[in-house]
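K.L.:
Just one file: model.txt, with compact mmCIF, C-alpha atoms.
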# COMPACT_ATOMS: atom_id res chain seq x y z
CA MET K 10 -21.68 -158.55 -104.20
CA THR K 11 -17.91 -158.69 -104.55
CA ASN K 12 -15.74 -161.61 -103.60
CA ALA K 13 -12.84 -160.38 -101.53
CA VAL K 14 -9.78 -162.60 -101.68
CA ALA K 15 -7.54 -162.54 -98.67
CA VAL K 16 -3.96 -161.96 -99.70
CA PRO K 17 -1.51 -163.51 -97.25
CA VAL K 18 0.79 -160.98 -95.69
CA PRO K 19 4.38 -162.23 -95.72
CA GLU K 20 5.87 -162.66 -92.31
CA ALA K 21 8.86 -160.61 -91.46
CA GLU K 22 11.88 -162.38 -92.80
CA VAL K 23 14.14 -163.70 -90.11
CA ALA K 24 17.79 -163.86 -91.00
CA TRP K 25 19.13 -167.37 -90.64
CA ALA K 26 22.45 -167.65 -88.95
CA LEU K 27 24.83 -170.57 -88.95
CA PRO K 28 24.89 -172.45 -85.65
CA ASP K 29 27.91 -171.95 -83.45
CA ARG K 30 30.80 -174.05 -84.81
CA GLY K 31 32.08 -174.91 -81.36
CA ARG K 32 28.70 -176.16 -80.21
CA VAL K 33 28.18 -178.21 -83.39
CA GLY K 34 31.66 -179.68 -83.02
CA MET K 35 31.05 -180.57 -79.39
CA TYR K 36 27.74 -182.22 -80.23
CA GLY K 37 29.55 -184.25 -82.91
CA LEU K 38 32.22 -185.29 -80.41
CA ILE K 39 29.60 -186.22 -77.82
CA ALA K 40 27.68 -188.31 -80.39
CA ALA K 41 30.85 -190.21 -81.32
CA GLU K 42 31.84 -190.74 -77.69
CA ALA K 43 28.32 -191.86 -76.82
CA ALA K 44 28.58 -194.52 -79.52
CA ILE K 45 31.87 -195.76 -78.05
CA PHE K 46 30.41 -195.89 -74.54
CA THR K 47 27.38 -197.76 -75.86
CA ILE K 48 29.66 -200.47 -77.24
CA PHE K 49 31.47 -200.81 -73.91
CA VAL K 50 28.22 -200.87 -71.92
CA VAL K 51 26.74 -203.56 -74.17
CA ALA K 52 29.94 -205.61 -73.86
CA TYR K 53 29.83 -205.30 -70.07
CA LEU K 54 26.20 -206.42 -69.96
CA PHE K 55 26.94 -209.28 -72.36
CA TYR K 56 29.78 -210.65 -70.24
CA VAL K 57 28.34 -210.04 -66.78
CA GLY K 58 27.86 -213.30 -64.93
CA LYS K 59 29.92 -215.30 -67.42
CA SER K 60 33.19 -215.37 -65.51
CA LEU K 61 34.31 -218.92 -64.73
CA SER K 62 36.46 -217.84 -61.79
CA GLY K 63 36.29 -215.21 -59.08
CA PRO K 64 36.24 -212.65 -57.80
CA LEU K 65 32.76 -211.75 -58.98
CA PRO K 66 31.11 -208.30 -58.94
CA ASN K 67 28.85 -208.99 -55.94
CA GLN K 68 31.90 -210.09 -53.93
CA VAL K 69 34.10 -207.04 -54.48
CA LEU K 70 32.15 -204.04 -55.75
CA HIS K 71 30.63 -201.43 -53.45
CA ALA K 72 28.55 -198.62 -54.92
CA PRO K 73 30.53 -195.34 -54.75
CA ILE K 74 27.60 -193.20 -53.63
CA VAL K 75 29.64 -190.28 -52.25
CA LEU K 76 31.84 -190.15 -55.35
CA THR K 77 28.76 -190.20 -57.54
CA ILE K 78 27.25 -187.28 -55.62
CA CYS K 79 30.53 -185.36 -56.05
CA LEU K 80 30.64 -185.92 -59.80
CA LEU K 81 26.98 -185.14 -60.41
CA SER K 82 27.24 -182.02 -58.24
CA SER K 83 30.04 -180.79 -60.48
CA SER K 84 27.49 -180.34 -63.29
CA LEU K 85 25.75 -177.76 -61.12
CA THR K 86 28.97 -175.99 -60.16
CA ILE K 87 30.18 -175.69 -63.76
CA HIS K 88 26.77 -174.32 -64.76
CA LEU K 89 27.00 -171.73 -61.99
CA ALA K 90 30.55 -170.86 -63.09
CA VAL K 91 29.50 -170.14 -66.67
CA ALA K 92 26.46 -168.18 -65.46
CA ALA K 93 28.72 -166.07 -63.24
CA LEU K 94 31.05 -165.35 -66.15
CA ARG K 95 28.11 -164.28 -68.32
CA ASP K 96 27.29 -161.73 -65.60
CA ALA K 97 30.96 -160.61 -65.56
CA ARG K 98 31.39 -161.90 -61.99
CA THR K 99 34.92 -163.18 -62.53
CA ARG K 100 35.67 -164.03 -58.91
CA ALA K 101 32.52 -166.11 -58.58
CA PHE K 102 33.36 -167.78 -61.88
CA LEU K 103 36.82 -168.75 -60.64
CA LEU K 104 35.45 -170.09 -57.36
CA TRP K 105 32.75 -172.22 -59.00
CA TRP K 106 35.17 -173.39 -61.68
CA ALA K 107 37.77 -174.41 -59.07
CA PHE K 108 35.06 -176.17 -57.09
CA THR K 109 34.10 -178.12 -60.22
CA ILE K 110 37.71 -179.24 -60.63
CA ALA K 111 37.91 -180.22 -56.96
CA LEU K 112 34.76 -182.35 -57.21
CA GLY K 113 36.07 -184.04 -60.35
CA ALA K 114 39.44 -184.66 -58.69
CA VAL K 115 37.75 -186.22 -55.65
CA PHE K 116 35.84 -188.54 -57.97
CA LEU K 117 38.97 -189.51 -59.87
CA GLY K 118 40.92 -190.03 -56.65
CA GLY K 119 38.14 -192.25 -55.33
CA THR K 120 38.23 -194.31 -58.51
CA ALA K 121 42.01 -194.70 -58.10
CA ARG K 122 41.52 -195.86 -54.51
CA GLU K 123 38.89 -198.37 -55.60
CA TRP K 124 41.20 -199.74 -58.27
CA HIS K 125 44.11 -199.97 -55.81
CA HIS K 126 41.91 -201.98 -53.45
CA LEU K 127 40.65 -204.26 -56.23
CA ILE K 128 44.11 -204.90 -57.66
CA TYR K 129 46.23 -205.22 -54.51
CA ASP K 130 43.76 -206.36 -51.85
CA VAL K 131 41.34 -208.47 -53.89
CA GLY K 132 43.56 -209.52 -56.80
CA LEU K 133 41.19 -208.37 -59.55
CA THR K 134 43.13 -207.20 -62.59
CA ILE K 135 42.15 -206.70 -66.20
CA ARG K 136 43.44 -210.25 -66.91
CA THR K 137 41.83 -212.06 -63.96
CA ASN K 138 38.53 -212.94 -65.63
CA LEU K 139 35.83 -211.59 -67.96
CA PHE K 140 34.48 -209.40 -65.17
CA GLY K 141 37.89 -207.80 -64.59
CA THR K 142 38.38 -207.17 -68.30
CA SER K 143 34.96 -205.61 -68.87
CA TYR K 144 35.00 -203.69 -65.56
CA TYR K 145 38.37 -202.00 -66.08
CA SER K 146 37.57 -201.32 -69.73
CA LEU K 147 34.27 -199.57 -69.04
CA VAL K 148 35.16 -197.75 -65.82
CA GLY K 149 38.62 -196.98 -67.19
CA LEU K 150 37.14 -195.42 -70.32
CA HIS K 151 35.03 -193.16 -68.15
CA ALA K 152 37.98 -192.30 -65.89
CA PHE K 153 39.98 -191.36 -68.99
CA HIS K 154 37.23 -188.95 -70.05
CA VAL K 155 37.12 -187.42 -66.57
CA THR K 156 40.90 -186.95 -66.73
CA VAL K 157 40.69 -185.22 -70.12
CA GLY K 158 37.90 -183.01 -68.78
CA LEU K 159 39.91 -182.09 -65.69
CA LEU K 160 42.90 -181.14 -67.83
CA GLY K 161 40.72 -178.84 -69.92
CA LEU K 162 39.07 -177.30 -66.87
CA SER K 163 42.45 -176.81 -65.18
CA LEU K 164 43.83 -175.01 -68.23
CA VAL K 165 40.87 -172.63 -68.14
CA LEU K 166 41.41 -172.07 -64.41
CA VAL K 167 45.07 -171.17 -64.99
CA LEU K 168 44.06 -168.76 -67.74
CA GLY K 169 41.36 -167.33 -65.49
CA LEU K 170 43.79 -166.78 -62.62
CA GLY K 171 46.02 -164.95 -65.12
CA GLU K 172 43.01 -162.72 -65.95
CA HIS K 173 42.78 -164.00 -69.50
CA VAL K 174 39.19 -165.25 -69.19
CA ARG K 175 36.55 -162.58 -69.62
CA ARG K 176 32.83 -162.24 -70.11
CA GLU K 177 33.07 -162.63 -73.91
CA HIS K 178 34.53 -166.12 -73.42
CA ALA K 179 31.40 -167.40 -71.64
CA GLY K 180 30.03 -168.95 -74.83
CA ARG K 181 33.19 -170.98 -75.38
CA LEU K 182 33.24 -172.17 -71.79
CA ASP K 183 29.59 -173.12 -72.10
CA VAL K 184 30.62 -175.38 -75.00
CA LEU K 185 33.36 -176.92 -72.81
CA SER K 186 30.81 -177.45 -70.06
CA LEU K 187 28.76 -179.60 -72.46
CA TYR K 188 31.60 -182.12 -72.43
CA TRP K 189 31.61 -182.16 -68.63
CA HIS K 190 27.83 -182.63 -68.52
CA PHE K 191 28.26 -185.53 -70.94
CA VAL K 192 30.88 -187.15 -68.67
CA ASP K 193 28.48 -186.82 -65.74
CA ALA K 194 25.55 -188.26 -67.70
CA VAL K 195 27.65 -191.20 -68.84
CA TRP K 196 28.55 -191.92 -65.22
CA VAL K 197 24.85 -192.35 -64.41
CA VAL K 198 24.72 -195.10 -67.05
CA VAL K 199 28.02 -196.67 -65.96
CA PHE K 200 27.00 -196.58 -62.28
CA THR K 201 23.65 -198.19 -63.06
CA VAL K 202 25.15 -200.90 -65.26
CA VAL K 203 28.19 -201.75 -63.10
CA TYR K 204 27.04 -201.19 -59.53
CA VAL K 205 23.29 -201.89 -59.78
CA ILE K 206 22.43 -204.19 -62.69
CA GLY K 207 25.81 -205.93 -62.91
CA ARG K 208 25.92 -206.98 -59.26
Spit out the file's structure as structure tokens when you get a sec.

P.N.:
Amino acid sequence: MTNAVAVPVPEAEVAWALPDRGRVGMYGLIAAEAAIFTIFVVAYLFYVGKSLSGPLPNQVLHAPIVLTICLLSSSLTIHLAVAALRDARTRAFLLWWAFTIALGAVFLGGTAREWHHLIYDVGLTIRTNLFGTSYYSLVGLHAFHVTVGLLGLSLVLVLGLGEHVRREHAGRLDVLSLYWHFVDAVWVVVFTVVYVIGR
């Protein structure tokens, strides 16, 4: 009787490739920005309800439901834009990309209108009370990120209209879309903290 020893067969070696630099860089940026937003959210929650004078959040804030739907919908439209470019459907890409910009612009315009109302009609400025300071800091930080995102998306649209964006650029635009998805995800947190919990 012989003892047969099973010799393990080596698996086919899979070549390891470095991860995409753009994607790694974007994840690093998102991690850093998430840390900054966390600080602002914690500060808002710490100071909510501690203002000694009005106006207070429940007196002046109204949940921007339509604007929120616009911004969150833009995550879908940018995804569809990148998917269209991967399939070399340039016209569809441009349409979805422009629609993403339009939805972001509507959101930003709505935020500007809200601020105009709060400052000129209600008298809430960044110096009015703790609520004003924390509100404008947190919402303003998010609005700044939306503005930066819109500038980047608009540059791509201009390049696309000049026929400089092609199928091989889909990977890069997918990386850019990660930033936009991050901005949308952060808004869910900001909306919840400011317009639900903070009221």

K.L.:
Report as a ChimeraX atom specification all protein, DNA and RNA residues lying within 12 Å of Gly149 (chain K), evaluated on only C-alpha atoms, omitting residues in the same chain fewer than 3 positions from it.

P.N.:
/K:46,49,117,120-121,123-124,135,141-146,152-156,196,199

K.L.:
Quick one: of K:Thr77, K:Tyr188, K:Gly118, K:Leu170, who's nearest to Gly34 (chain K), counting all atoms listed in the file?

P.N.:
K:Tyr188

K.L.:
Rank nothing, just name the residue among K:Leu133, K:Val192, K:Val203, K:Val91 nearest to His178 (chain K), using all atoms listed in the file.

P.N.:
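Checking each of K:Leu133, K:Val192, K:Val203, K:Val91 against His178 (chain K), counting all atoms listed in the file, the winner is K:Val91.
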
K.L.:
Just the number, please: distance in Å from CA of Leu65 (chain K) to CA of His151 (chain K), one decimal.

P.N.:
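According to the coordinates, CA of Leu65 (chain K) and CA of His151 (chain K) are separated by 20.9 Å.
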
K.L.:
Looking at K:Ala114, K:Ala97, K:Val205, K:Leu104, which one is nearest to Val174 (chain K), with distances taken over all atoms listed in the file?

P.N.:
K:Ala97

K.L.:
Just give me the gap between CA of Gly180 (chain K) and CA of Ala92 (chain K) in Å, one decimal is fine.

P.N.:
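So the answer is 10.1 Å.
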
K.L.:
Looking at only C-alpha atoms, which of K:Val69, K:Cys79, K:Ala41, K:Val202 is the one that sits closest to Tyr56 (chain K)?

P.N.:
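Of K:Val69, K:Cys79, K:Ala41, K:Val202, the one nearest Tyr56 (chain K) is K:Val202, counting only C-alpha atoms.
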
K.L.:
Between CA of Asp183 (chain K) and CA of Leu76 (chain K), what is the distance, to one decimal in Å?

P.N.:
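So the answer is 24.0 Å.
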
K.L.:
Measuring atom to atom with only C-alpha atoms, identify which of K:His190, K:Arg181, K:Arg208, K:Arg175 is nearest to Asp29 (chain K).

P.N.:
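Among the listed residues, the smallest separation from Asp29 (chain K) belongs to K:Arg181.
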
K.L.:
Given all atoms listed in the file as the basis, pick out the residue of K:Leu70, K:Arg32, K:Pro64, K:Leu27 nearest to Gly132 (chain K).

P.N.:
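Residue with the minimum atom-to-atom distance to Gly132 (chain K): K:Pro64.
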
K.L.:
Determine the axis-aligned bounding box of all atoms of region 59-69 of chain K present in the file, pad each side by 8 Å, and express its centre and edge lengths in Å to one decimal place as lines of an AutoDock Vina configuration file.

P.N.:
center_x = 32.7
center_y = -213.0
center_z = -60.7
size_x = 23.6
size_y = 27.9
size_z = 29.5

K.L.:
Which residues are close to Ser83 (chain K), i.e. within 8 Å by only C-alpha atoms, leaving aside same-chain residues fewer than 2 positions away? Reply as a PDB file with C-alpha atoms, keeping the file's coordinate frame.

P.N.:
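The result, stored in out-v4.pdb:
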ATOM      1  CA  CYS K  79      30.530-185.360 -56.050  1.00  0.00           C
ATOM      2  CA  LEU K  80      30.640-185.920 -59.800  1.00  0.00           C
ATOM      3  CA  LEU K  81      26.980-185.140 -60.410  1.00  0.00           C
ATOM      4  CA  LEU K  85      25.750-177.760 -61.120  1.00  0.00           C
ATOM      5  CA  THR K  86      28.970-175.990 -60.160  1.00  0.00           C
ATOM      6  CA  ILE K  87      30.180-175.690 -63.760  1.00  0.00           C
ATOM      7  CA  PHE K 108      35.060-176.170 -57.090  1.00  0.00           C
ATOM      8  CA  THR K 109      34.100-178.120 -60.220  1.00  0.00           C
ATOM      9  CA  ILE K 110      37.710-179.240 -60.630  1.00  0.00           C
ATOM     10  CA  LEU K 112      34.760-182.350 -57.210  1.00  0.00           C
ATOM     11  CA  GLY K 113      36.070-184.040 -60.350  1.00  0.00           C
TER      12      GLY K 113
END

K.L.:
Atoms are missing here; could region 68-80 of chain K be completed with N, CA, C and O atoms and written as a PDB file, keeping the file's coordinate frame?

P.N.:
ATOM      1  N   GLN K  68      30.951-209.814 -55.015  1.00  0.00           N
ATOM      2  CA  GLN K  68      31.900-210.090 -53.930  1.00  0.00           C
ATOM      3  C   GLN K  68      32.828-208.908 -53.651  1.00  0.00           C
ATOM      4  O   GLN K  68      33.336-208.786 -52.546  1.00  0.00           O
ATOM      5  N   VAL K  69      33.059-208.059 -54.646  1.00  0.00           N
ATOM      6  CA  VAL K  69      34.100-207.040 -54.480  1.00  0.00           C
ATOM      7  C   VAL K  69      33.663-205.605 -54.733  1.00  0.00           C
ATOM      8  O   VAL K  69      34.334-204.669 -54.302  1.00  0.00           O
ATOM      9  N   LEU K  70      32.551-205.403 -55.419  1.00  0.00           N
ATOM     10  CA  LEU K  70      32.150-204.040 -55.750  1.00  0.00           C
ATOM     11  C   LEU K  70      31.229-203.444 -54.691  1.00  0.00           C
ATOM     12  O   LEU K  70      30.318-204.118 -54.198  1.00  0.00           O
ATOM     13  N   HIS K  71      31.481-202.196 -54.359  1.00  0.00           N
ATOM     14  CA  HIS K  71      30.630-201.430 -53.450  1.00  0.00           C
ATOM     15  C   HIS K  71      30.279-200.119 -54.152  1.00  0.00           C
ATOM     16  O   HIS K  71      31.166-199.428 -54.666  1.00  0.00           O
ATOM     17  N   ALA K  72      29.008-199.799 -54.186  1.00  0.00           N
ATOM     18  CA  ALA K  72      28.550-198.620 -54.920  1.00  0.00           C
ATOM     19  C   ALA K  72      29.188-197.338 -54.353  1.00  0.00           C
ATOM     20  O   ALA K  72      29.043-197.047 -53.171  1.00  0.00           O
ATOM     21  N   PRO K  73      29.890-196.582 -55.207  1.00  0.00           N
ATOM     22  CA  PRO K  73      30.530-195.340 -54.750  1.00  0.00           C
ATOM     23  C   PRO K  73      29.534-194.171 -54.714  1.00  0.00           C
ATOM     24  O   PRO K  73      29.566-193.280 -55.558  1.00  0.00           O
ATOM     25  N   ILE K  74      28.673-194.191 -53.722  1.00  0.00           N
ATOM     26  CA  ILE K  74      27.600-193.200 -53.630  1.00  0.00           C
ATOM     27  C   ILE K  74      28.157-191.786 -53.453  1.00  0.00           C
ATOM     28  O   ILE K  74      27.751-190.851 -54.155  1.00  0.00           O
ATOM     29  N   VAL K  75      29.096-191.615 -52.525  1.00  0.00           N
ATOM     30  CA  VAL K  75      29.640-190.280 -52.250  1.00  0.00           C
ATOM     31  C   VAL K  75      30.367-189.733 -53.482  1.00  0.00           C
ATOM     32  O   VAL K  75      30.209-188.558 -53.838  1.00  0.00           O
ATOM     33  N   LEU K  76      31.132-190.586 -54.135  1.00  0.00           N
ATOM     34  CA  LEU K  76      31.840-190.150 -55.350  1.00  0.00           C
ATOM     35  C   LEU K  76      30.858-189.766 -56.445  1.00  0.00           C
ATOM     36  O   LEU K  76      31.079-188.800 -57.182  1.00  0.00           O
ATOM     37  N   THR K  77      29.776-190.507 -56.542  1.00  0.00           N
ATOM     38  CA  THR K  77      28.760-190.200 -57.540  1.00  0.00           C
ATOM     39  C   THR K  77      28.117-188.848 -57.252  1.00  0.00           C
ATOM     40  O   THR K  77      27.902-188.037 -58.169  1.00  0.00           O
ATOM     41  N   ILE K  78      27.827-188.583 -55.994  1.00  0.00           N
ATOM     42  CA  ILE K  78      27.250-187.280 -55.620  1.00  0.00           C
ATOM     43  C   ILE K  78      28.227-186.159 -55.972  1.00  0.00           C
ATOM     44  O   ILE K  78      27.828-185.109 -56.492  1.00  0.00           O
ATOM     45  N   CYS K  79      29.515-186.371 -55.712  1.00  0.00           N
ATOM     46  CA  CYS K  79      30.530-185.360 -56.050  1.00  0.00           C
ATOM     47  C   CYS K  79      30.531-185.077 -57.544  1.00  0.00           C
ATOM     48  O   CYS K  79      30.497-183.914 -57.969  1.00  0.00           O
ATOM     49  N   LEU K  80      30.560-186.126 -58.353  1.00  0.00           N
ATOM     50  CA  LEU K  80      30.640-185.920 -59.800  1.00  0.00           C
ATOM     51  C   LEU K  80      29.380-185.262 -60.344  1.00  0.00           C
ATOM     52  O   LEU K  80      29.455-184.319 -61.141  1.00  0.00           O
TER      53      LEU K  80
END
